[in-house]
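K.L.:
Below you'll find start-v9.txt; it's compact mmCIF, C-alpha atoms and all ligand atoms.
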```
# COMPACT_ATOMS: atom_id res chain seq x y z
CA MET A 24 0.00 0.00 0.00
CA PHE A 25 2.72 2.50 1.10
CA ALA A 26 4.93 1.33 -1.76
CA LYS A 27 2.11 2.10 -4.22
CA ILE A 28 1.64 5.64 -2.86
CA HIS A 29 5.40 6.17 -2.98
CA ASP A 30 5.49 4.97 -6.63
CA ALA A 31 2.63 7.26 -7.61
CA ARG A 32 4.37 10.26 -5.98
CA LEU A 33 7.61 9.43 -7.80
CA ARG A 34 5.75 9.23 -11.13
CA LEU A 35 4.09 12.59 -10.50
CA ARG A 36 7.41 14.24 -9.61
CA ARG A 37 9.07 12.80 -12.75
CA ARG A 38 6.24 14.11 -14.88
CA ALA A 39 6.55 17.58 -13.29
CA ASP A 40 10.33 17.55 -13.92
CA LEU A 41 9.86 16.56 -17.56
CA HIS A 42 7.26 19.29 -17.95
CA GLN A 43 9.71 21.81 -16.50
CA GLN A 44 12.45 20.65 -18.93
CA SER A 45 10.14 20.72 -21.92
CA LYS A 46 9.38 24.37 -21.17
CA GLY A 47 12.93 25.24 -22.16
CA THR A 48 14.62 27.97 -20.17
CA MET A 49 12.71 31.05 -19.17
CA ASN A 50 10.24 31.28 -22.02
CA SER A 51 7.52 28.97 -20.83
CA GLU A 52 4.89 30.74 -22.95
CA ARG A 53 4.72 29.49 -26.49
CA TYR A 54 2.87 30.32 -29.64
CA ASP A 55 -0.21 28.14 -30.06
CA LYS A 56 -0.22 25.08 -32.32
CA ALA A 57 -1.92 26.77 -35.30
CA ALA A 58 0.45 29.77 -35.19
CA ILE A 59 3.47 27.42 -35.06
CA TRP A 60 2.35 25.29 -38.00
CA LEU A 61 1.33 28.28 -40.07
CA HIS A 62 4.73 29.88 -39.36
CA TRP A 63 6.78 26.89 -40.55
CA VAL A 64 4.59 26.03 -43.54
CA VAL A 65 4.65 29.65 -44.77
CA ALA A 66 8.40 29.96 -44.02
CA ALA A 67 9.14 26.84 -46.11
CA MET A 68 6.98 28.15 -48.95
CA VAL A 69 8.65 31.59 -48.86
CA LEU A 70 12.07 29.91 -49.14
CA ALA A 71 10.75 27.89 -52.10
CA GLN A 72 9.71 31.18 -53.74
CA PHE A 73 13.27 32.50 -53.55
CA ALA A 74 14.65 29.21 -54.83
CA THR A 75 12.29 29.07 -57.83
CA GLY A 76 12.35 32.83 -58.58
CA TRP A 77 16.15 32.95 -58.62
CA LEU A 78 16.73 29.56 -60.25
CA TRP A 79 14.68 29.85 -63.41
CA GLY A 80 16.99 32.59 -64.70
CA PHE A 81 19.69 29.92 -65.13
CA PHE A 82 17.62 28.08 -67.74
CA GLU A 83 16.93 29.12 -71.30
CA ARG A 84 13.65 30.74 -72.22
CA GLY A 85 11.16 28.11 -73.38
CA SER A 86 13.07 25.26 -71.66
CA GLU A 87 11.18 22.71 -69.56
CA PRO A 88 12.93 23.39 -66.20
CA ARG A 89 12.25 27.12 -66.57
CA PHE A 90 8.59 26.41 -67.36
CA TYR A 91 8.15 24.12 -64.33
CA LEU A 92 9.99 26.43 -61.92
CA PHE A 93 7.75 29.28 -63.06
CA ARG A 94 4.60 27.16 -62.60
CA ILE A 95 5.71 26.04 -59.13
CA HIS A 96 6.41 29.69 -58.22
CA ILE A 97 2.92 30.75 -59.19
CA VAL A 98 1.15 27.84 -57.44
CA ILE A 99 3.14 28.14 -54.18
CA GLY A 100 2.87 31.94 -54.24
CA THR A 101 -0.90 31.72 -54.51
CA ILE A 102 -1.05 29.23 -51.61
CA ILE A 103 1.09 31.68 -49.57
CA LEU A 104 -1.53 34.38 -50.14
CA VAL A 105 -4.33 32.14 -48.80
CA ALA A 106 -2.16 31.01 -45.84
CA ALA A 107 -1.12 34.62 -45.14
CA VAL A 108 -4.75 35.78 -44.94
CA LEU A 109 -5.60 32.87 -42.58
CA ARG A 110 -2.47 33.55 -40.54
CA THR A 111 -3.13 37.27 -40.20
CA GLY A 112 -6.72 36.53 -39.14
CA TRP A 113 -5.47 33.99 -36.60
CA ARG A 114 -2.88 36.40 -35.22
CA LEU A 115 -5.38 39.24 -34.86
CA THR A 116 -7.64 36.99 -32.78
CA HIS A 117 -4.88 35.08 -30.91
CA PRO A 118 -2.22 37.38 -29.41
CA ALA A 119 1.44 36.28 -29.39
CA PRO A 120 2.97 35.23 -26.06
CA PRO A 121 4.62 38.22 -24.33
CA LEU A 122 8.30 38.76 -25.11
CA PRO A 123 10.77 38.13 -22.26
CA ALA A 124 10.56 40.99 -19.74
CA GLU A 125 14.36 41.40 -19.72
CA MET A 126 14.54 42.10 -23.46
CA ARG A 127 15.87 45.59 -24.25
CA PRO A 128 13.19 48.07 -25.46
CA ALA A 129 15.13 48.60 -28.72
CA HIS A 130 15.11 44.84 -29.38
CA VAL A 131 11.40 44.64 -28.65
CA VAL A 132 10.75 47.40 -31.19
CA LEU A 133 13.02 45.68 -33.73
CA ALA A 134 11.30 42.31 -33.22
CA ARG A 135 7.82 43.84 -33.59
CA LEU A 136 8.92 45.78 -36.67
CA THR A 137 10.45 42.75 -38.44
CA HIS A 138 7.44 40.57 -37.63
CA GLY A 139 5.05 43.26 -38.89
CA LEU A 140 7.05 43.67 -42.09
CA LEU A 141 7.12 39.90 -42.64
CA TYR A 142 3.32 39.75 -42.31
CA LEU A 143 3.07 42.61 -44.80
CA ALA A 144 5.50 40.85 -47.15
CA ILE A 145 3.51 37.60 -47.33
CA LEU A 146 0.34 39.57 -48.07
CA VAL A 147 1.68 42.13 -50.55
CA GLN A 148 4.27 40.13 -52.52
CA PRO A 149 1.82 37.47 -53.81
CA VAL A 150 -0.69 40.19 -54.79
CA LEU A 151 2.04 41.92 -56.82
CA GLY A 152 2.95 38.56 -58.37
CA LEU A 153 -0.66 37.94 -59.35
CA LEU A 154 -0.92 41.46 -60.80
CA THR A 155 2.24 40.77 -62.83
CA ILE A 156 0.74 37.77 -64.62
CA THR A 157 -2.88 38.89 -65.11
CA ALA A 158 -4.36 41.04 -67.85
CA PHE A 159 -5.69 43.50 -65.27
CA GLY A 160 -2.22 43.84 -63.74
CA LYS A 161 -0.63 44.39 -67.15
CA SER A 162 -3.22 47.07 -67.94
CA ILE A 163 -2.00 49.17 -65.01
CA GLY A 164 1.61 49.21 -66.15
CA ARG A 165 4.95 47.66 -65.24
CA TRP A 166 5.08 48.80 -61.63
CA PRO A 167 3.67 45.61 -60.03
CA ARG A 168 6.44 43.57 -61.72
CA ASP A 169 9.17 46.10 -60.87
CA LEU A 170 7.97 46.30 -57.26
CA HIS A 171 7.75 42.47 -57.01
CA LEU A 172 11.35 42.17 -58.18
CA SER A 173 12.71 44.93 -55.88
CA LEU A 174 10.68 43.70 -52.92
CA SER A 175 12.12 40.19 -53.30
CA TYR A 176 15.56 41.58 -52.29
CA ILE A 177 14.14 43.61 -49.40
CA ILE A 178 12.18 40.58 -48.11
CA ALA A 179 15.30 38.39 -48.40
CA LEU A 180 17.15 40.92 -46.23
CA ILE A 181 14.38 41.04 -43.60
CA VAL A 182 14.20 37.21 -43.52
CA ALA A 183 18.00 37.06 -43.08
CA VAL A 184 17.83 39.50 -40.13
CA HIS A 185 14.91 37.52 -38.66
CA VAL A 186 16.68 34.16 -38.91
CA ALA A 187 19.94 35.63 -37.55
CA ALA A 188 18.01 37.08 -34.58
CA ALA A 189 16.36 33.69 -33.90
CA PHE A 190 19.77 31.96 -33.83
CA TRP A 191 21.33 34.75 -31.79
CA HIS A 192 18.63 34.28 -29.13
CA GLN A 193 19.03 30.52 -29.21
CA TYR A 194 22.80 30.09 -29.24
CA LEU A 195 24.32 33.34 -27.90
CA ARG A 196 21.70 34.74 -25.55
CA LYS A 197 20.47 31.23 -24.75
CA ASP A 198 17.05 32.48 -23.66
CA GLY A 199 15.12 29.68 -25.37
CA LEU A 200 13.14 32.08 -27.59
CA LEU A 201 13.27 29.68 -30.55
CA LEU A 202 11.42 27.06 -28.49
CA ARG A 203 8.36 29.34 -28.44
CA MET A 204 8.01 28.63 -32.16
CA VAL A 205 8.83 24.89 -32.10
CA PRO A 206 6.08 22.25 -31.81
CA ARG A 207 6.04 20.83 -28.30
CA ARG A 208 7.03 17.18 -27.92
CA VAL A 209 4.76 15.46 -25.43
CA PRO A 210 7.11 13.77 -22.96
CA ARG A 211 6.58 10.02 -22.46
CA THR A 212 6.39 8.94 -18.84
C1 LIG A 301 5.75 35.59 -50.90
C2 LIG A 301 5.58 35.23 -52.15
C3 LIG A 301 6.57 35.45 -53.25
C4 LIG A 301 7.93 35.66 -53.20
C5 LIG A 301 8.84 35.72 -51.97
C6 LIG A 301 8.38 35.83 -54.56
C7 LIG A 301 9.70 36.02 -54.95
C8 LIG A 301 10.12 36.20 -56.24
C9 LIG A 301 11.50 36.27 -56.68
C10 LIG A 301 12.72 36.14 -55.75
C11 LIG A 301 11.51 36.48 -58.01
C12 LIG A 301 12.75 36.66 -58.90
C13 LIG A 301 13.20 38.09 -58.85
C14 LIG A 301 14.35 38.38 -59.79
O1 LIG A 301 14.35 37.89 -60.93
O2 LIG A 301 15.24 39.11 -59.35
C15 LIG A 301 10.14 36.53 -58.46
C16 LIG A 301 9.74 36.74 -59.78
C17 LIG A 301 8.45 36.59 -60.20
N1 LIG A 301 7.37 36.25 -59.44
FE1 LIG A 301 7.34 35.99 -57.44
N2 LIG A 301 7.30 35.73 -55.42
C18 LIG A 301 6.18 35.49 -54.65
C19 LIG A 301 4.90 35.29 -55.09
C20 LIG A 301 4.51 35.31 -56.42
C21 LIG A 301 3.18 35.04 -56.94
C22 LIG A 301 1.95 34.67 -56.10
C23 LIG A 301 3.23 35.18 -58.29
C24 LIG A 301 2.13 35.02 -59.33
C25 LIG A 301 0.99 34.47 -59.12
C26 LIG A 301 4.57 35.57 -58.64
C27 LIG A 301 5.00 35.84 -59.93
C28 LIG A 301 6.26 36.17 -60.28
C29 LIG A 301 6.66 36.49 -61.63
C30 LIG A 301 5.76 36.54 -62.86
C31 LIG A 301 8.03 36.76 -61.58
C32 LIG A 301 8.95 37.11 -62.77
C33 LIG A 301 8.88 38.55 -63.06
C34 LIG A 301 9.74 38.82 -64.29
O3 LIG A 301 10.95 38.60 -64.22
O4 LIG A 301 9.16 39.25 -65.26
N3 LIG A 301 5.33 35.62 -57.49
N4 LIG A 301 9.32 36.34 -57.36
C1 LIG A 302 13.80 29.41 -41.53
C2 LIG A 302 14.16 30.12 -40.55
C3 LIG A 302 13.25 30.78 -39.54
C4 LIG A 302 13.42 30.70 -38.19
C5 LIG A 302 14.51 29.96 -37.44
C6 LIG A 302 12.35 31.48 -37.58
C7 LIG A 302 12.15 31.62 -36.23
C8 LIG A 302 11.13 32.34 -35.63
C9 LIG A 302 10.90 32.41 -34.22
C10 LIG A 302 11.76 31.74 -33.14
C11 LIG A 302 9.85 33.21 -34.01
C12 LIG A 302 9.23 33.59 -32.66
C13 LIG A 302 9.82 34.84 -32.13
C14 LIG A 302 9.24 35.11 -30.74
O1 LIG A 302 9.25 34.21 -29.91
O2 LIG A 302 8.79 36.22 -30.49
C15 LIG A 302 9.37 33.65 -35.30
C16 LIG A 302 8.31 34.49 -35.51
C17 LIG A 302 7.89 34.94 -36.74
N1 LIG A 302 8.42 34.54 -37.97
FE1 LIG A 302 9.98 33.29 -38.27
N2 LIG A 302 11.58 32.05 -38.57
C18 LIG A 302 12.08 31.63 -39.79
C19 LIG A 302 11.61 31.98 -41.03
C20 LIG A 302 10.59 32.86 -41.26
C21 LIG A 302 10.16 33.30 -42.58
C22 LIG A 302 10.77 32.86 -43.92
C23 LIG A 302 9.14 34.15 -42.39
C24 LIG A 302 8.44 34.86 -43.51
C25 LIG A 302 7.25 35.08 -43.56
C26 LIG A 302 8.90 34.27 -40.94
C27 LIG A 302 7.94 35.06 -40.34
C28 LIG A 302 7.73 35.19 -38.98
C29 LIG A 302 6.72 36.05 -38.36
C30 LIG A 302 5.74 36.96 -39.11
C31 LIG A 302 6.82 35.89 -36.97
C32 LIG A 302 5.99 36.58 -35.90
C33 LIG A 302 4.89 35.66 -35.50
C34 LIG A 302 3.83 36.35 -34.67
O3 LIG A 302 4.14 37.08 -33.73
O4 LIG A 302 2.65 36.12 -35.00
N3 LIG A 302 9.80 33.47 -40.30
N4 LIG A 302 10.18 33.11 -36.29
```
Show me this structure written as structure tokens.
Ligand code: HEM
Ligand code: HEM
P.N.:
Amino acid sequence: MFAKIHDARLRLRRRADLHQQSKGTMNSERYDKAAIWLHWVVAAMVLAQFATGWLWGFFERGSEPRFYLFRIHIVIGTIILVAAVLRTGWRLTHPAPPLPAEMRPAHVVLARLTHGLLYLAILVQPVLGLLTITAFGKSIGRWPRDLHLSLSYIIALIVAVHVAAAFWHQYLRKDGLLLRMVPRRVPRT
């Protein structure tokens, strides 16, 4: 009887310890499941857009690889637009977990600014892309195409800053910020 109670208490303590570990360091508050999945799916698709957009230039006009890369770019870009609308709606109704209290005000501003610009990028860039390929877009001039091309470099820069910041937090500051955006593994007891 006493042995059973002792065992149960040990199991409970082990579970509490594992829970503590799984929370990472100080950032116990995470993004919710939908925000996490939307983030990684959209991030992967955005990277695919750079890969396709910059790769097709290496192939001759009218060649098969160029044709397929272009098609993939348009299909993925359109899915990004749908995902971006869903994601923005989700974010407006589900606030992000608060940033660590010890973060410097300048870093908080920088983080908010980059995140805001990234949301804007995934909404605006596909619209410009769609305008570039449609008759309506062509009727309003070359600016959607020119802006799409210039924006691709600006977005690449913002993404680079964003990724560098994520790794800086994880490996230099070691505050576990990256874990807020990683799906939680349910610990086995
Ligand atoms: C977030 C989404 C997107 C990103 C990050 C993106 C990125 C890019 C990049 C990097 C290029 C190559 C730029 C260069 O040659 O220097 C490009 C070109 C292009 N993209 Fe996108 N794109 C996106 C969405 C779309 C969508 C949805 C469409 C159309 C439905 C589209 C249509 C085009 C077209 C037509 C070009 C070639 C423009 C030209 O050279 O005439 N893009 N895009
Ligand atoms: C592949 C490398 C990437 C890594 C390691 C990464 C990492 C992260 C992390 C750790 C956060 C949470 C920051 C926090 O806790 O406050 C975050 C948020 C965010 N990321 Fe990324 N990210 C990546 C790529 C991207 C890309 C390509 C985009 C482009 C759209 C993007 C857009 C965002 C946005 C908009 C947020 C803010 C989310 C919100 O507050 O709703 N990320 N990212």
K.L.:
How would you report the residues lying within 8 Å of ligand LIG 302 (chain A), as a PyMOL selection string, if you count all atoms listed in the file?
P.N.:
chain A and resi 53-54+58+62-63+65-70+110-111+114+118-122+134-135+137-142+144-145+182+185-187+189-190+200-205
K.L.:
Please, which residues in chain A fall within 6 Å of ligand LIG 301 (chain A) when counting only C-alpha atoms and all ligand atoms, and what is the closest atom pair and distance in Å to one decimal for each, ordered by chain then residue number, as CSV?
P.N.:
```
residue,atom,partner,partner_atom,distance
A:Val69,CA,A:LIG301,C5,5.2
A:Gln72,CA,A:LIG301,C4,4.9
A:Phe73,CA,A:LIG301,C10,4.3
A:Gly76,CA,A:LIG301,C11,3.8
A:Trp77,CA,A:LIG301,C12,5.0
A:Ile97,CA,A:LIG301,C25,4.2
A:Gly100,CA,A:LIG301,C22,3.4
A:Thr101,CA,A:LIG301,C22,4.4
A:Ile145,CA,A:LIG301,C1,4.7
A:Gln148,CA,A:LIG301,C1,5.0
A:Pro149,CA,A:LIG301,C22,3.6
A:Gly152,CA,A:LIG301,C23,3.4
A:Leu153,CA,A:LIG301,C25,3.8
A:Thr155,CA,A:LIG301,C30,5.5
A:Ile156,CA,A:LIG301,C30,5.5
A:Arg168,CA,A:LIG301,C33,5.7
A:Leu172,CA,A:LIG301,C13,4.5
A:Ser175,CA,A:LIG301,C10,4.8
```
K.L.:
Find the distance between CA of Asp198 (chain A) and CA of Leu109 (chain A) and write it in Å to one decimal.
P.N.:
29.5 Å
K.L.:
Can you tell me, as an MDAnalysis selection string, what residues are no more than 7 Å from Arg89 (chain A) when counting only C-alpha atoms, ignoring any on the same chain fewer than 6 positions away?
P.N.:
chainID A and resid 79 82:83
K.L.:
Report the distance between CA of Pro206 (chain A) and CA of Trp60 (chain A) in Å, rounded to one decimal place.
P.N.:
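Interatomic distance here is 7.8 Å.
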K.L.:
Could you write region 142-159 of chain A as a PDB file, keeping the file's coordinate frame, with N, CA and C atoms rebuilt where they are missing?
P.N.:
```
ATOM      1  N   TYR A 142       4.755  39.956 -42.031  1.00  0.00           N
ATOM      2  CA  TYR A 142       3.320  39.750 -42.310  1.00  0.00           C
ATOM      3  C   TYR A 142       2.921  40.517 -43.577  1.00  0.00           C
ATOM      4  N   LEU A 143       3.398  41.766 -43.640  1.00  0.00           N
ATOM      5  CA  LEU A 143       3.070  42.610 -44.800  1.00  0.00           C
ATOM      6  C   LEU A 143       3.617  41.977 -46.081  1.00  0.00           C
ATOM      7  N   ALA A 144       4.843  41.448 -45.978  1.00  0.00           N
ATOM      8  CA  ALA A 144       5.500  40.850 -47.150  1.00  0.00           C
ATOM      9  C   ALA A 144       4.698  39.682 -47.710  1.00  0.00           C
ATOM     10  N   ILE A 145       4.208  38.789 -46.823  1.00  0.00           N
ATOM     11  CA  ILE A 145       3.510  37.600 -47.330  1.00  0.00           C
ATOM     12  C   ILE A 145       2.117  37.943 -47.844  1.00  0.00           C
ATOM     13  N   LEU A 146       1.637  39.154 -47.524  1.00  0.00           N
ATOM     14  CA  LEU A 146       0.340  39.570 -48.070  1.00  0.00           C
ATOM     15  C   LEU A 146       0.523  40.328 -49.386  1.00  0.00           C
ATOM     16  N   VAL A 147       1.505  41.240 -49.396  1.00  0.00           N
ATOM     17  CA  VAL A 147       1.680  42.130 -50.550  1.00  0.00           C
ATOM     18  C   VAL A 147       2.388  41.465 -51.731  1.00  0.00           C
ATOM     19  N   GLN A 148       3.454  40.699 -51.439  1.00  0.00           N
ATOM     20  CA  GLN A 148       4.270  40.130 -52.520  1.00  0.00           C
ATOM     21  C   GLN A 148       3.463  39.204 -53.444  1.00  0.00           C
ATOM     22  N   PRO A 149       2.615  38.297 -52.897  1.00  0.00           N
ATOM     23  CA  PRO A 149       1.820  37.470 -53.810  1.00  0.00           C
ATOM     24  C   PRO A 149       0.822  38.293 -54.636  1.00  0.00           C
ATOM     25  N   VAL A 150       0.266  39.351 -54.036  1.00  0.00           N
ATOM     26  CA  VAL A 150      -0.690  40.190 -54.790  1.00  0.00           C
ATOM     27  C   VAL A 150       0.033  40.828 -55.972  1.00  0.00           C
ATOM     28  N   LEU A 151       1.262  41.320 -55.731  1.00  0.00           N
ATOM     29  CA  LEU A 151       2.040  41.920 -56.820  1.00  0.00           C
ATOM     30  C   LEU A 151       2.354  40.885 -57.891  1.00  0.00           C
ATOM     31  N   GLY A 152       2.673  39.659 -57.432  1.00  0.00           N
ATOM     32  CA  GLY A 152       2.950  38.560 -58.370  1.00  0.00           C
ATOM     33  C   GLY A 152       1.735  38.280 -59.242  1.00  0.00           C
ATOM     34  N   LEU A 153       0.565  38.209 -58.597  1.00  0.00           N
ATOM     35  CA  LEU A 153      -0.660  37.940 -59.350  1.00  0.00           C
ATOM     36  C   LEU A 153      -0.948  39.069 -60.348  1.00  0.00           C
ATOM     37  N   LEU A 154      -0.717  40.314 -59.900  1.00  0.00           N
ATOM     38  CA  LEU A 154      -0.920  41.460 -60.800  1.00  0.00           C
ATOM     39  C   LEU A 154       0.022  41.368 -62.004  1.00  0.00           C
ATOM     40  N   THR A 155       1.250  40.855 -61.745  1.00  0.00           N
ATOM     41  CA  THR A 155       2.240  40.770 -62.830  1.00  0.00           C
ATOM     42  C   THR A 155       1.780  39.844 -63.958  1.00  0.00           C
ATOM     43  N   ILE A 156       1.079  38.759 -63.576  1.00  0.00           N
ATOM     44  CA  ILE A 156       0.740  37.770 -64.620  1.00  0.00           C
ATOM     45  C   ILE A 156      -0.678  37.911 -65.175  1.00  0.00           C
ATOM     46  N   THR A 157      -1.502  38.802 -64.604  1.00  0.00           N
ATOM     47  CA  THR A 157      -2.880  38.890 -65.110  1.00  0.00           C
ATOM     48  C   THR A 157      -3.047  40.081 -66.055  1.00  0.00           C
ATOM     49  N   ALA A 158      -4.085  39.976 -66.872  1.00  0.00           N
ATOM     50  CA  ALA A 158      -4.360  41.040 -67.850  1.00  0.00           C
ATOM     51  C   ALA A 158      -4.636  42.347 -67.123  1.00  0.00           C
ATOM     52  N   PHE A 159      -5.391  42.265 -66.005  1.00  0.00           N
ATOM     53  CA  PHE A 159      -5.690  43.500 -65.270  1.00  0.00           C
ATOM     54  C   PHE A 159      -4.402  44.154 -64.784  1.00  0.00           C
TER      55      PHE A 159
END
```
